[in-house]
file my_file01.cif (mmCIF, C-alpha atoms; chains and numbers go by the auth columns)
data_my_file
#
loop_
_atom_site.group_PDB
_atom_site.id
_atom_site.type_symbol
_atom_site.label_atom_id
_atom_site.label_comp_id
_atom_site.label_asym_id
_atom_site.label_seq_id
_atom_site.Cartn_x
_atom_site.Cartn_y
_atom_site.Cartn_z
_atom_site.B_iso_or_equiv
_atom_site.auth_seq_id
_atom_site.auth_asym_id
ATOM 1 C CA MET A 1 -19.041 11.483 6.057 0.00 1 A
ATOM 2 C CA SER A 2 -16.475 14.228 5.593 0.00 2 A
ATOM 3 C CA HIS A 3 -13.318 13.389 3.636 0.00 3 A
ATOM 4 C CA THR A 4 -10.093 15.356 3.831 0.00 4 A
ATOM 5 C CA VAL A 5 -8.805 13.817 0.604 0.00 5 A
ATOM 6 C CA ASP A 6 -10.843 12.628 -2.374 0.00 6 A
ATOM 7 C CA ILE A 7 -10.325 9.239 -3.980 0.00 7 A
ATOM 8 C CA PRO A 8 -11.159 9.589 -7.687 0.00 8 A
ATOM 9 C CA GLN A 9 -13.266 6.905 -9.368 0.00 9 A
ATOM 10 C CA GLU A 10 -10.387 6.173 -11.757 0.00 10 A
ATOM 11 C CA LEU A 11 -8.195 5.206 -8.784 0.00 11 A
ATOM 12 C CA LYS A 12 -10.996 3.105 -7.263 0.00 12 A
ATOM 13 C CA ASP A 13 -11.325 1.240 -10.573 0.00 13 A
ATOM 14 C CA SER A 14 -7.571 0.675 -10.711 0.00 14 A
ATOM 15 C CA ILE A 15 -7.581 -0.683 -7.134 0.00 15 A
ATOM 16 C CA ARG A 16 -10.487 -2.993 -7.933 0.00 16 A
ATOM 17 C CA LYS A 17 -8.677 -4.348 -10.995 0.00 17 A
ATOM 18 C CA PHE A 18 -5.518 -4.854 -8.914 0.00 18 A
ATOM 19 C CA ARG A 19 -7.425 -6.679 -6.151 0.00 19 A
ATOM 20 C CA PHE A 20 -9.034 -9.193 -8.490 0.00 20 A
ATOM 21 C CA THR A 21 -6.019 -10.057 -10.659 0.00 21 A
ATOM 22 C CA ARG A 22 -4.564 -13.517 -9.902 0.00 22 A
ATOM 23 C CA ARG A 23 -0.827 -13.501 -9.321 0.00 23 A
ATOM 24 C CA GLN A 24 1.911 -16.012 -8.578 0.00 24 A
ATOM 25 C CA ASN A 25 4.317 -13.413 -7.162 0.00 25 A
ATOM 26 C CA ASN A 26 4.424 -10.111 -5.289 0.00 26 A
ATOM 27 C CA ALA A 27 2.777 -7.046 -6.810 0.00 27 A
ATOM 28 C CA ALA A 28 2.242 -3.548 -5.493 0.00 28 A
ATOM 29 C CA LEU A 29 0.091 -0.532 -6.296 0.00 29 A
ATOM 30 C CA VAL A 30 1.519 2.733 -4.912 0.00 30 A
ATOM 31 C CA VAL A 31 -0.683 5.748 -4.119 0.00 31 A
ATOM 32 C CA LYS A 32 0.208 9.260 -2.985 0.00 32 A
ATOM 33 C CA ILE A 33 -1.745 12.330 -1.930 0.00 33 A
ATOM 34 C CA ASN A 34 -1.563 15.386 -4.155 0.00 34 A
ATOM 35 C CA LYS A 35 -1.369 18.062 -1.470 0.00 35 A
ATOM 36 C CA GLN A 36 -2.394 20.926 -3.768 0.00 36 A
ATOM 37 C CA LYS A 37 -5.505 19.223 -5.200 0.00 37 A
ATOM 38 C CA LEU A 38 -6.318 17.140 -2.085 0.00 38 A
ATOM 39 C CA ILE A 39 -6.823 13.987 -4.119 0.00 39 A
ATOM 40 C CA MET A 40 -5.148 10.589 -4.140 0.00 40 A
ATOM 41 C CA GLU A 41 -3.172 9.618 -7.225 0.00 41 A
ATOM 42 C CA GLN A 42 -1.765 6.307 -8.381 0.00 42 A
ATOM 43 C CA VAL A 43 2.006 6.632 -8.646 0.00 43 A
ATOM 44 C CA GLU A 44 3.014 3.263 -10.027 0.00 44 A
ATOM 45 C CA THR A 45 2.209 -0.444 -10.196 0.00 45 A
ATOM 46 C CA PHE A 46 4.892 -3.084 -9.764 0.00 46 A
ATOM 47 C CA ASP A 47 4.656 -6.736 -10.772 0.00 47 A
ATOM 48 C CA ASN A 48 7.039 -9.446 -9.593 0.00 48 A
ATOM 49 C CA ILE A 49 8.828 -7.165 -7.121 0.00 49 A
ATOM 50 C CA SER A 50 10.707 -8.208 -3.999 0.00 50 A
ATOM 51 C CA LEU A 51 10.136 -6.402 -0.704 0.00 51 A
ATOM 52 C CA GLU A 52 13.697 -5.075 -0.843 0.00 52 A
ATOM 53 C CA ASP A 53 13.170 -3.628 -4.320 0.00 53 A
ATOM 54 C CA LEU A 54 9.821 -2.153 -3.299 0.00 54 A
ATOM 55 C CA ALA A 55 11.414 -0.455 -0.287 0.00 55 A
ATOM 56 C CA GLU A 56 14.086 0.998 -2.602 0.00 56 A
ATOM 57 C CA GLU A 57 11.412 2.343 -4.983 0.00 57 A
ATOM 58 C CA LEU A 58 9.482 4.153 -2.234 0.00 58 A
ATOM 59 C CA PRO A 59 10.586 7.716 -1.379 0.00 59 A
ATOM 60 C CA GLU A 60 12.628 8.342 1.755 0.00 60 A
ATOM 61 C CA ALA A 61 10.859 11.563 2.686 0.00 61 A
ATOM 62 C CA SER A 62 7.302 11.298 1.388 0.00 62 A
ATOM 63 C CA PRO A 63 4.404 9.149 2.641 0.00 63 A
ATOM 64 C CA ARG A 64 2.648 6.612 0.427 0.00 64 A
ATOM 65 C CA TYR A 65 -0.057 3.987 0.645 0.00 65 A
ATOM 66 C CA VAL A 66 0.952 0.664 -0.870 0.00 66 A
ATOM 67 C CA VAL A 67 -1.556 -2.073 -1.686 0.00 67 A
ATOM 68 C CA LEU A 68 0.588 -5.210 -1.710 0.00 68 A
ATOM 69 C CA SER A 69 -0.336 -8.656 -3.002 0.00 69 A
ATOM 70 C CA TYR A 70 2.209 -10.851 -1.222 0.00 70 A
ATOM 71 C CA ASN A 71 3.112 -14.412 -2.178 0.00 71 A
ATOM 72 C CA LEU A 72 3.022 -16.123 1.238 0.00 72 A
ATOM 73 C CA VAL A 73 4.332 -19.665 1.651 0.00 73 A
ATOM 74 C CA HIS A 74 2.766 -21.318 4.699 0.00 74 A
ATOM 75 C CA SER A 75 4.574 -23.792 6.977 0.00 75 A
ATOM 76 C CA ASP A 76 2.700 -26.723 5.389 0.00 76 A
ATOM 77 C CA GLY A 77 3.814 -25.726 1.861 0.00 77 A
ATOM 78 C CA ARG A 78 0.586 -24.064 0.726 0.00 78 A
ATOM 79 C CA THR A 79 0.834 -20.675 -0.940 0.00 79 A
ATOM 80 C CA SER A 80 -1.572 -17.778 -0.780 0.00 80 A
ATOM 81 C CA SER A 81 -1.565 -14.183 -1.989 0.00 81 A
ATOM 82 C CA PRO A 82 -3.051 -12.067 0.796 0.00 82 A
ATOM 83 C CA LEU A 83 -3.460 -8.331 0.394 0.00 83 A
ATOM 84 C CA VAL A 84 -1.898 -5.982 2.905 0.00 84 A
ATOM 85 C CA LEU A 85 -2.011 -2.204 3.073 0.00 85 A
ATOM 86 C CA ILE A 86 1.374 -0.680 3.815 0.00 86 A
ATOM 87 C CA ASN A 87 1.228 2.756 5.374 0.00 87 A
ATOM 88 C CA TRP A 88 4.631 4.088 4.309 0.00 88 A
ATOM 89 C CA ALA A 89 5.148 7.123 6.560 0.00 89 A
ATOM 90 C CA PRO A 90 8.821 8.105 6.830 0.00 90 A
ATOM 91 C CA ALA A 91 9.932 11.303 8.556 0.00 91 A
ATOM 92 C CA CYS A 92 8.906 14.299 6.451 0.00 92 A
ATOM 93 C CA GLU A 93 7.078 17.607 6.785 0.00 93 A
ATOM 94 C CA THR A 94 4.451 17.480 9.515 0.00 94 A
ATOM 95 C CA SER A 95 1.590 18.865 7.418 0.00 95 A
ATOM 96 C CA LEU A 96 2.034 16.103 4.826 0.00 96 A
ATOM 97 C CA LEU A 97 2.148 13.378 7.498 0.00 97 A
ATOM 98 C CA THR A 98 -0.976 14.822 9.134 0.00 98 A
ATOM 99 C CA LEU A 99 -2.848 14.848 5.822 0.00 99 A
ATOM 100 C CA HIS A 100 -1.651 11.294 5.101 0.00 100 A
ATOM 101 C CA ALA A 101 -2.761 10.050 8.534 0.00 101 A
ATOM 102 C CA SER A 102 -6.162 11.744 8.261 0.00 102 A
ATOM 103 C CA ALA A 103 -6.894 9.962 4.970 0.00 103 A
ATOM 104 C CA LEU A 104 -5.674 6.502 6.020 0.00 104 A
ATOM 105 C CA LEU A 105 -8.966 5.115 7.373 0.00 105 A
ATOM 106 C CA ASP A 106 -10.911 6.304 4.341 0.00 106 A
ATOM 107 C CA PHE A 107 -8.359 4.721 1.999 0.00 107 A
ATOM 108 C CA GLN A 108 -8.315 1.505 4.050 0.00 108 A
ATOM 109 C CA SER A 109 -12.102 1.347 3.816 0.00 109 A
ATOM 110 C CA THR A 110 -11.973 1.938 0.053 0.00 110 A
ATOM 111 C CA VAL A 111 -9.422 -0.820 -0.597 0.00 111 A
ATOM 112 C CA ASP A 112 -11.195 -3.110 1.911 0.00 112 A
ATOM 113 C CA ILE A 113 -8.028 -4.544 3.463 0.00 113 A
ATOM 114 C CA ALA A 114 -7.973 -5.428 7.157 0.00 114 A
ATOM 115 C CA LYS A 115 -4.216 -5.948 7.582 0.00 115 A
ATOM 116 C CA VAL A 116 -2.281 -2.668 7.790 0.00 116 A
ATOM 117 C CA LEU A 117 1.485 -2.570 8.213 0.00 117 A
ATOM 118 C CA GLU A 118 2.832 0.737 9.545 0.00 118 A
ATOM 119 C CA VAL A 119 6.316 1.493 8.207 0.00 119 A
ATOM 120 C CA ARG A 120 7.876 4.615 9.701 0.00 120 A
ATOM 121 C CA ASP A 121 11.574 3.763 9.580 0.00 121 A
ATOM 122 C CA GLY A 122 12.083 3.291 5.845 0.00 122 A
ATOM 123 C CA ALA A 123 13.443 0.149 4.227 0.00 123 A
ATOM 124 C CA GLU A 124 14.472 -1.329 7.590 0.00 124 A
ATOM 125 C CA GLY A 125 10.804 -1.586 8.564 0.00 125 A
ATOM 126 C CA LEU A 126 9.697 -3.361 5.389 0.00 126 A
ATOM 127 C CA THR A 127 11.175 -6.840 5.705 0.00 127 A
ATOM 128 C CA LYS A 128 9.927 -10.345 5.016 0.00 128 A
ATOM 129 C CA SER A 129 9.906 -11.239 8.723 0.00 129 A
ATOM 130 C CA VAL A 130 7.929 -8.139 9.746 0.00 130 A
ATOM 131 C CA LEU A 131 5.410 -8.580 6.919 0.00 131 A
ATOM 132 C CA GLU A 132 4.896 -12.310 7.465 0.00 132 A
ATOM 133 C CA ALA A 133 4.465 -11.797 11.220 0.00 133 A
ATOM 134 C CA LYS A 134 1.685 -9.297 10.438 0.00 134 A
ATOM 135 C CA LEU A 135 0.020 -11.558 7.865 0.00 135 A
ATOM 136 C CA LEU A 136 0.117 -14.652 10.070 0.00 136 A
ATOM 137 C CA SER A 137 -1.135 -12.879 13.227 0.00 137 A
#
call {"tool": "encode", "arguments": {"input": "my_file01.cif", "output": "structure tokens"}}
result
Amino acid sequence: MSHTVDIPQELKDSIRKFRFTRRQNNAALVVKINKQKLIMEQVETFDNISLEDLAEELPEASPRYVVLSYNLVHSDGRTSSPLVLINWAPACETSLLTLHASALLDFQSTVDIAKVLEVRDGAEGLTKSVLEAKLLS
């Protein structure tokens, strides 16, 4: 299979460690594409971060992939920490968005997360109600 962007083993190891860490609150692992090298790079990891704070941390004009462990409280009081892949794709240069979109399925396969939330309108698109509707669908 041809890949437009490489995912280094170091990033795969970091994702694996993130996936299998038990948490009681929200956590996020943020990944970007290095356009010059055509590889994915881990930007930052956040622990105990609200959705509002996460949206503020993400760039307004640059796409990112965010692996989010979300503390979900169900209607019967149970809690779970499902993983969701956020495709943060705000308006920016077309070539960068095209590269980002072309690598999405490969990254989704690597992180092995079925739920993908597309966020194209910045912080307004990353809210508790939007995320929980996606997770509970």
call {"tool": "atom_distance", "arguments": {"input": "my_file01.cif", "atom1": "CA of Asn25 (chain A)", "atom2": "CA of Asn48 (chain A)"}}
result
5.4 Å
call {"tool": "closest_residue", "arguments": {"input": "my_file01.cif", "among": "A:Lys128, A:Arg23, A:Lys35, A:Lys115", "to": "Ser95 (chain A)", "atoms": "all atoms listed in the file"}}
result
A:Lys35
call {"tool": "atom_distance", "arguments": {"input": "my_file01.cif", "atom1": "CA of Gln9 (chain A)", "atom2": "CA of Leu131 (chain A)"}}
result
29.2 Å
call {"tool": "residues_around", "arguments": {"input": "my_file01.cif", "residues": "Asn26 (chain A)", "least_positions_apart": "3", "cutoff": "7 Å", "atoms": "only C-alpha atoms", "output": "list in words"}}
result
Asp47, Asn48, Ile49, Ser50, Ser69, Tyr70 and Asn71 of chain A
call {"tool": "closest_residue", "arguments": {"input": "my_file01.cif", "among": "A:Arg120, A:Lys37, A:Lys12, A:His3", "to": "Pro63 (chain A)", "atoms": "all atoms listed in the file"}}
result
A:Arg120
call {"tool": "residues_around", "arguments": {"input": "my_file01.cif", "residues": "Ser14 (chain A)", "least_positions_apart": "5", "cutoff": "10 Å", "atoms": "all atoms listed in the file", "output": "list in words"}}
result
Gln9, Arg19, Leu29, Gln42 and Thr45 of chain A
call {"tool": "atom_distance", "arguments": {"input": "my_file01.cif", "atom1": "CA of Thr98 (chain A)", "atom2": "CA of Thr110 (chain A)"}}
result
19.2 Å
call {"tool": "residues_around", "arguments": {"input": "my_file01.cif", "residues": "Glu118 (chain A)", "least_positions_apart": "2", "cutoff": "7 Å", "atoms": "only C-alpha atoms", "output": "list in words"}}
result
Ile86, Asn87, Trp88, Val116 and Arg120 of chain A
call {"tool": "residues_near_point", "arguments": {"input": "my_file01.cif", "point": "(-4.2, 14.4, -2.9)", "cutoff": "10 Å", "atoms": "all atoms listed in the file", "output": "VMD selection string"}}
result
chain A and resid 4 to 8 31 to 41 99 to 100 103
call {"tool": "resolve_selection", "arguments": {"input": "my_file01.cif", "expression": "the PyMOL selection byres ((chain A and resi 133) around 12)", "output": "list of chain:residue names"}}
result
A:Leu72, A:His74, A:Val84, A:Lys115, A:Val116, A:Leu117, A:Leu126, A:Thr127, A:Lys128, A:Ser129, A:Val130, A:Leu131, A:Glu132, A:Lys134, A:Leu135, A:Leu136, A:Ser137
call {"tool": "resolve_selection", "arguments": {"input": "my_file01.cif", "expression": "the PyMOL selection byres ((chain A and resi 111) around 8)", "output": "PyMOL selection string"}}
result
chain A and resi 12+15-16+107-110+112-113
call {"tool": "resolve_selection", "arguments": {"input": "my_file01.cif", "expression": "the PyMOL selection byres ((chain A and resi 59) around 10)", "output": "list in words"}}
result
Ala55, Glu56, Glu57, Leu58, Glu60, Ala61, Ser62, Pro63, Arg64, Trp88, Ala89, Pro90, Gly122 and Ala123 of chain A
call {"tool": "build_atoms", "arguments": {"input": "my_file01.cif", "residues": "region 16-35 of chain A", "atoms": "N, CA and C atoms", "output": "PDB file, in the coordinates of the input"}}
result
ATOM      1  N   ARG A  16      -9.623  -1.817  -7.751  1.00  0.00           N
ATOM      2  CA  ARG A  16     -10.487  -2.993  -7.933  1.00  0.00           C
ATOM      3  C   ARG A  16      -9.854  -3.987  -8.904  1.00  0.00           C
ATOM      4  N   LYS A  17      -9.332  -3.487 -10.020  1.00  0.00           N
ATOM      5  CA  LYS A  17      -8.677  -4.348 -10.995  1.00  0.00           C
ATOM      6  C   LYS A  17      -7.462  -5.034 -10.361  1.00  0.00           C
ATOM      7  N   PHE A  18      -6.691  -4.292  -9.588  1.00  0.00           N
ATOM      8  CA  PHE A  18      -5.518  -4.854  -8.914  1.00  0.00           C
ATOM      9  C   PHE A  18      -5.919  -5.953  -7.942  1.00  0.00           C
ATOM     10  N   ARG A  19      -6.963  -5.706  -7.161  1.00  0.00           N
ATOM     11  CA  ARG A  19      -7.425  -6.679  -6.151  1.00  0.00           C
ATOM     12  C   ARG A  19      -7.818  -8.016  -6.768  1.00  0.00           C
ATOM     13  N   PHE A  20      -8.458  -7.978  -7.927  1.00  0.00           N
ATOM     14  CA  PHE A  20      -9.034  -9.193  -8.490  1.00  0.00           C
ATOM     15  C   PHE A  20      -8.197  -9.830  -9.594  1.00  0.00           C
ATOM     16  N   THR A  21      -6.939  -9.427  -9.710  1.00  0.00           N
ATOM     17  CA  THR A  21      -6.019 -10.057 -10.659  1.00  0.00           C
ATOM     18  C   THR A  21      -5.273 -11.171  -9.927  1.00  0.00           C
ATOM     19  N   ARG A  22      -5.278 -12.377 -10.497  1.00  0.00           N
ATOM     20  CA  ARG A  22      -4.564 -13.517  -9.902  1.00  0.00           C
ATOM     21  C   ARG A  22      -3.083 -13.394 -10.190  1.00  0.00           C
ATOM     22  N   ARG A  23      -2.273 -13.619  -9.167  1.00  0.00           N
ATOM     23  CA  ARG A  23      -0.827 -13.501  -9.321  1.00  0.00           C
ATOM     24  C   ARG A  23      -0.128 -14.682  -8.672  1.00  0.00           C
ATOM     25  N   GLN A  24       1.064 -14.976  -9.164  1.00  0.00           N
ATOM     26  CA  GLN A  24       1.911 -16.012  -8.578  1.00  0.00           C
ATOM     27  C   GLN A  24       3.096 -15.410  -7.826  1.00  0.00           C
ATOM     28  N   ASN A  25       3.211 -14.069  -7.843  1.00  0.00           N
ATOM     29  CA  ASN A  25       4.317 -13.413  -7.162  1.00  0.00           C
ATOM     30  C   ASN A  25       3.856 -12.079  -6.584  1.00  0.00           C
ATOM     31  N   ASN A  26       4.764 -11.375  -5.937  1.00  0.00           N
ATOM     32  CA  ASN A  26       4.424 -10.111  -5.289  1.00  0.00           C
ATOM     33  C   ASN A  26       4.103  -9.028  -6.314  1.00  0.00           C
ATOM     34  N   ALA A  27       3.129  -8.195  -5.985  1.00  0.00           N
ATOM     35  CA  ALA A  27       2.777  -7.046  -6.810  1.00  0.00           C
ATOM     36  C   ALA A  27       2.354  -5.913  -5.882  1.00  0.00           C
ATOM     37  N   ALA A  28       2.568  -4.696  -6.336  1.00  0.00           N
ATOM     38  CA  ALA A  28       2.242  -3.548  -5.493  1.00  0.00           C
ATOM     39  C   ALA A  28       1.647  -2.419  -6.322  1.00  0.00           C
ATOM     40  N   LEU A  29       0.691  -1.722  -5.712  1.00  0.00           N
ATOM     41  CA  LEU A  29       0.091  -0.532  -6.296  1.00  0.00           C
ATOM     42  C   LEU A  29       0.385   0.603  -5.318  1.00  0.00           C
ATOM     43  N   VAL A  30       1.064   1.642  -5.782  1.00  0.00           N
ATOM     44  CA  VAL A  30       1.519   2.733  -4.912  1.00  0.00           C
ATOM     45  C   VAL A  30       0.668   3.971  -5.166  1.00  0.00           C
ATOM     46  N   VAL A  31       0.205   4.587  -4.053  1.00  0.00           N
ATOM     47  CA  VAL A  31      -0.683   5.748  -4.119  1.00  0.00           C
ATOM     48  C   VAL A  31      -0.114   6.867  -3.253  1.00  0.00           C
ATOM     49  N   LYS A  32      -0.219   8.094  -3.758  1.00  0.00           N
ATOM     50  CA  LYS A  32       0.208   9.260  -2.985  1.00  0.00           C
ATOM     51  C   LYS A  32      -0.934  10.266  -2.909  1.00  0.00           C
ATOM     52  N   ILE A  33      -0.780  11.239  -2.031  1.00  0.00           N
ATOM     53  CA  ILE A  33      -1.745  12.330  -1.930  1.00  0.00           C
ATOM     54  C   ILE A  33      -1.161  13.556  -2.617  1.00  0.00           C
ATOM     55  N   ASN A  34      -1.931  14.125  -3.536  1.00  0.00           N
ATOM     56  CA  ASN A  34      -1.563  15.386  -4.155  1.00  0.00           C
ATOM     57  C   ASN A  34      -2.019  16.477  -3.200  1.00  0.00           C
ATOM     58  N   LYS A  35      -1.068  17.096  -2.525  1.00  0.00           N
ATOM     59  CA  LYS A  35      -1.369  18.062  -1.470  1.00  0.00           C
ATOM     60  C   LYS A  35      -2.098  19.306  -2.004  1.00  0.00           C
TER      61      LYS A  35
END
